[in-house]
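Student: This is the structure, below, for whatever I ask next.
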Amino acid sequence: MKKRTYTDHSIASSDITPEQVFLNRRALIKASAGTMAGALVVPSIAAAQASAQSALSFSPDADRSLVDEQTPYDAVTTYNNFYEFGTDKSDPARHAHNMTTDPWTVKVGGLVNQPGSLHLEDVLSKFDLEERIYRFRCVEAWSMVVPWVGFPLSQLLKRFEPKAEGKFVEFKTLYRRGQMRGTRSFTSIIDWPYREGLRMDEALHPLTLVAVGLYGKTLPNQNGAPLRLVIPWKYGFKSIKSIVEINVTAKQPKTSWQMLQPSEYGFYANVNPEVDHPRWSQRFERKLPSSIFKPNRVPTLPFNGYEEQVAGLYQGMDLRKFY
Ligand code: MTE
C-alpha cells in the first residue's frame with residue numbers, strides 16, 4: 001500500500017480577512033489552491049464525482065488516496081458527537097441551535113503572565129485565519145476530511161505568555177443547562193463541563209488548530225461554534241467544542257472521557273491502529289458518509305497519517321501504555 005501523509009496547507013494570511021470567513025466556499029478554495037505546499041489536493045467537482053464512483057468499489061487494501069476527498073458538508077454537519085445536546089449522532093444537528101454564541105468570551109488563565117479574556121470579535125480580528133484540510137478520526141471509528149478555517153492554537157497561547165512551569169493546557173466547554181438538553185438528561189454520563197487537555201508541546205504544535213469555520217463558512221453550532229480545537233493526529237474526542245475557558249497548568253489536567261472510563265480513553269488518545277479500544281478494533285475506519293451498502297471502510301494510519309510531523313513528540317514513550 002502506498003504510504004501517504006497529510007500535511008496542512010494554508011493560504012497566506014493576506015488572502016483572507018476575518019470577514020472573508022463568511023464568504024462562499026468557492027472563493028476560499030480558489031485562494032488556497034494557488035498556495036498549496038504539495039499536500040492534500042483540493043479536488044475539483046469532477047474529481048469529487050469520480051471519487052464518489054470509485055468509493056463504491058473500495059476495499060480496505062486499496063489505495064487510501066481514493067478516500068482523501070473532502071467529506072460532503074451535509075455529512076460533516078449532521079453526524080456529530082456533542083453530548084451536551086444528546087448522545088445520538090443526530091441530536092447535535094437537531095438541538096444545538098438552542099445554544100446562543102453571541103456574545104462569546106474565552107477566559108485564559110492559570111500559569112500565564114497575562115491572564116485575561118478574549119471576545120469572539122478579538123479572535124476574528126487578531127489572528128490570521130487560514131484554511132486547513134485535515135483528516136479527522138473519531139474513536140468510534142468513523143472519519144472524515146474537512147476544510148477547517150482557523151488559526152494555530154500557539155498564536156492564542158503566546159498572547160497570554162505561558163510561564164515556564166506551565167506544562168499542560170486545560171480546556172473547558174460552555175455549560176449552559178437551559179440551552180443544552182443533553183446536560184439535563186437522566187442518561188447524561190459526563191461530569192459537566194466537558195473538559196480536555198494537551199501537553200504544552202502538543203498545544204504549541206503547528207498542526208493544532210483553533211477552528212472558527214468549515215467549508216469557508218462559520219462553524220455550525222453542532223460542530224462547536226463559535227470556536228473549537230482540531231487536533232488531527234488524535235481521536236476526535238480531544239477536539240473539544242465551544243470553548244469558554246483555557247488554563248495553563250503544571251499538572252496533567254483531568255479530561256471528561258478519562259474521568260468517565262480511564263481504561264478505555266487515555267489522556268494522549270493518539271490515533272493508533274495497533275492499540276485496540278477494549279471493545280472494538282481501531283485498525284479500520286468508516287469514512288463518512290458510510291452506510292451498509294457503501295461502508296467506505298479503509299485502514300487507519302498511525303497518528304492518523306500525520307506521523308512524520310508528530311511522532312517526534314512521543315519519542316521514547318510506550319504508546320501502548322500512554323494511549
Ligand atoms: N466537545 C464537547 N464539548 N462535547 C462533546 O461531546 N465530542 C467529541 C469532540 N468534541 C464532544 C466534543 C467527539 S467524541 C468527537 S468525535 C468530535 O467532537 C466530533 O466533532 P465533529 O462534530 O466536528 O465531527
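Each chain of the C-alpha cells is named A, B, ... in the order shown, its residues numbered from 1; ligands are numbered from 1 in display order.
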Using DSSP secondary structure from the backbone, list all strand (DSSP E or B) positions within stretch 76-314 of chain A, as a PyMOL selection string.

Tutor: chain A and resi 105-110+112+116-119+130-137+142-152+162+168-173+195-199+209-214+217-218+228-230+234+243-249+270+277+280+284-287+297-299

Student: Write the residues of the selection above to a file with C-alpha atoms, as a PDB file, in the first residue's frame.

Tutor:
ATOM      1  CA  THR A 105     -15.867  35.128  25.755  1.00  0.00           C
ATOM      2  CA  VAL A 106     -12.934  32.783  26.317  1.00  0.00           C
ATOM      3  CA  LYS A 107     -11.178  33.192  29.675  1.00  0.00           C
ATOM      4  CA  VAL A 108      -7.463  32.384  29.619  1.00  0.00           C
ATOM      5  CA  GLY A 109      -5.653  31.896  32.928  1.00  0.00           C
ATOM      6  CA  GLY A 110      -3.634  29.609  35.163  1.00  0.00           C
ATOM      7  CA  VAL A 112       0.351  32.677  32.405  1.00  0.00           C
ATOM      8  CA  GLY A 116      -7.358  37.750  30.542  1.00  0.00           C
ATOM      9  CA  SER A 117     -10.266  37.182  28.217  1.00  0.00           C
ATOM     10  CA  LEU A 118     -10.826  37.113  24.519  1.00  0.00           C
ATOM     11  CA  HIS A 119     -14.104  38.136  22.973  1.00  0.00           C
ATOM     12  CA  GLU A 130      -6.316  30.153   7.154  1.00  0.00           C
ATOM     13  CA  GLU A 131      -7.867  27.065   5.625  1.00  0.00           C
ATOM     14  CA  ARG A 132      -6.531  23.650   6.646  1.00  0.00           C
ATOM     15  CA  ILE A 133      -7.755  20.426   5.135  1.00  0.00           C
ATOM     16  CA  TYR A 134      -7.387  17.788   7.821  1.00  0.00           C
ATOM     17  CA  ARG A 135      -8.251  14.156   8.184  1.00  0.00           C
ATOM     18  CA  PHE A 136     -10.352  13.618  11.310  1.00  0.00           C
ATOM     19  CA  ARG A 137     -10.733  10.219  13.006  1.00  0.00           C
ATOM     20  CA  TRP A 142     -15.728   6.985  11.683  1.00  0.00           C
ATOM     21  CA  SER A 143     -13.621   9.508   9.832  1.00  0.00           C
ATOM     22  CA  MET A 144     -13.876  12.471   7.526  1.00  0.00           C
ATOM     23  CA  VAL A 145     -11.767  15.012   5.607  1.00  0.00           C
ATOM     24  CA  VAL A 146     -12.718  18.595   6.414  1.00  0.00           C
ATOM     25  CA  PRO A 147     -11.531  22.003   5.220  1.00  0.00           C
ATOM     26  CA  TRP A 148     -11.444  23.872   8.529  1.00  0.00           C
ATOM     27  CA  VAL A 149     -10.937  27.621   8.861  1.00  0.00           C
ATOM     28  CA  GLY A 150      -8.896  28.683  11.855  1.00  0.00           C
ATOM     29  CA  PHE A 151      -5.526  29.618  13.291  1.00  0.00           C
ATOM     30  CA  PRO A 152      -2.837  27.746  15.251  1.00  0.00           C
ATOM     31  CA  PRO A 162       2.578  30.833  29.452  1.00  0.00           C
ATOM     32  CA  PHE A 168      -0.148  21.376  30.171  1.00  0.00           C
ATOM     33  CA  VAL A 169      -3.172  23.217  28.842  1.00  0.00           C
ATOM     34  CA  GLU A 170      -6.722  22.563  30.042  1.00  0.00           C
ATOM     35  CA  PHE A 171      -9.857  23.425  28.043  1.00  0.00           C
ATOM     36  CA  LYS A 172     -13.497  23.672  29.092  1.00  0.00           C
ATOM     37  CA  THR A 173     -16.695  23.848  27.054  1.00  0.00           C
ATOM     38  CA  ARG A 195     -13.053  19.073  29.629  1.00  0.00           C
ATOM     39  CA  GLU A 196      -9.969  18.290  27.601  1.00  0.00           C
ATOM     40  CA  GLY A 197      -6.230  18.733  27.929  1.00  0.00           C
ATOM     41  CA  LEU A 198      -2.995  18.723  25.969  1.00  0.00           C
ATOM     42  CA  ARG A 199       0.659  18.660  26.888  1.00  0.00           C
ATOM     43  CA  LEU A 209      -5.791  24.402  15.235  1.00  0.00           C
ATOM     44  CA  VAL A 210      -8.444  26.618  16.777  1.00  0.00           C
ATOM     45  CA  ALA A 211     -11.249  26.322  14.225  1.00  0.00           C
ATOM     46  CA  VAL A 212     -13.879  29.018  13.719  1.00  0.00           C
ATOM     47  CA  GLY A 213     -15.265  27.720  10.440  1.00  0.00           C
ATOM     48  CA  LEU A 214     -15.532  24.879   7.991  1.00  0.00           C
ATOM     49  CA  LYS A 217     -18.428  29.269   6.482  1.00  0.00           C
ATOM     50  CA  THR A 218     -18.678  29.985  10.194  1.00  0.00           C
ATOM     51  CA  ARG A 228     -13.200  24.611  18.966  1.00  0.00           C
ATOM     52  CA  LEU A 229      -9.977  22.683  18.748  1.00  0.00           C
ATOM     53  CA  VAL A 230      -8.963  20.393  15.902  1.00  0.00           C
ATOM     54  CA  LYS A 234      -5.621  12.417  17.900  1.00  0.00           C
ATOM     55  CA  ILE A 243     -14.561  26.540  24.322  1.00  0.00           C
ATOM     56  CA  VAL A 244     -15.054  29.138  27.087  1.00  0.00           C
ATOM     57  CA  GLU A 245     -12.033  28.528  29.302  1.00  0.00           C
ATOM     58  CA  ILE A 246      -8.343  27.756  28.802  1.00  0.00           C
ATOM     59  CA  ASN A 247      -5.918  27.258  31.715  1.00  0.00           C
ATOM     60  CA  VAL A 248      -2.197  26.602  31.663  1.00  0.00           C
ATOM     61  CA  THR A 249      -1.364  24.065  34.399  1.00  0.00           C
ATOM     62  CA  ASN A 270      -3.170   9.430  19.577  1.00  0.00           C
ATOM     63  CA  HIS A 277     -10.171   0.083  22.087  1.00  0.00           C
ATOM     64  CA  TRP A 280     -13.510  -2.746  19.285  1.00  0.00           C
ATOM     65  CA  PHE A 284     -10.107   0.377  10.204  1.00  0.00           C
ATOM     66  CA  GLU A 285     -12.330   3.392   9.863  1.00  0.00           C
ATOM     67  CA  ARG A 286     -15.564   4.185   8.044  1.00  0.00           C
ATOM     68  CA  LYS A 287     -15.219   7.324   6.017  1.00  0.00           C
ATOM     69  CA  ARG A 297     -14.092   1.085   5.140  1.00  0.00           C
ATOM     70  CA  VAL A 298     -10.379   1.932   4.974  1.00  0.00           C
ATOM     71  CA  PRO A 299      -7.314   1.121   7.086  1.00  0.00           C
TER      72      PRO A 299
END

Student: Dump the neighbourhood of ligand 1 as a list in words: all residues within 6 Å, distances computed on only C-alpha atoms and all ligand atoms.

Tutor: Asn80, Asn81, Phe82, Tyr83, Glu84, Cys138, Thr173, Tyr194, Asn223, Gly236, Phe237, Ser239, Ile240 and Lys241 of chain A

Student: Counting only C-alpha atoms, which of A:Leu288, A:Leu313, A:Leu227, A:Lys294 gets nearest to A:Tyr268?

Tutor: A:Leu313

Student: For A:Tyr323, which residue out of A:Gln258, A:Ser125, A:Gln179, A:Asn296 is the nearest one, using only C-alpha atoms?

Tutor: A:Gln258

Student: List the neighbours of A:Arg177 out to 10 Å using only C-alpha atoms; skip same-chain residues closer than 4 positions along the sequence, and give me the result as a list in words.

Tutor: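 The residues that qualify are Glu84, Phe85, Met99, Arg181, Gly182, Thr183, Arg184, Ser185 and Trp192 of chain A.
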
Student: I need the residues from that last selection saved to file as a tab-separated table (two decimals), in the first residue's frame (with C-alpha atoms), if you can.

Tutor:
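Here's the written file out.tsv:
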chain	number	residue	atom	x	y	z
A	84	GLU	CA	-24.28	18.47	25.58
A	85	PHE	CA	-27.14	18.07	23.11
A	99	MET	CA	-27.16	27.49	22.13
A	181	ARG	CA	-30.73	19.37	26.78
A	182	GLY	CA	-28.10	16.62	26.93
A	183	THR	CA	-26.73	18.03	30.20
A	184	ARG	CA	-30.19	17.75	31.81
A	185	SER	CA	-30.85	14.22	30.61
A	192	TRP	CA	-20.05	18.79	33.00
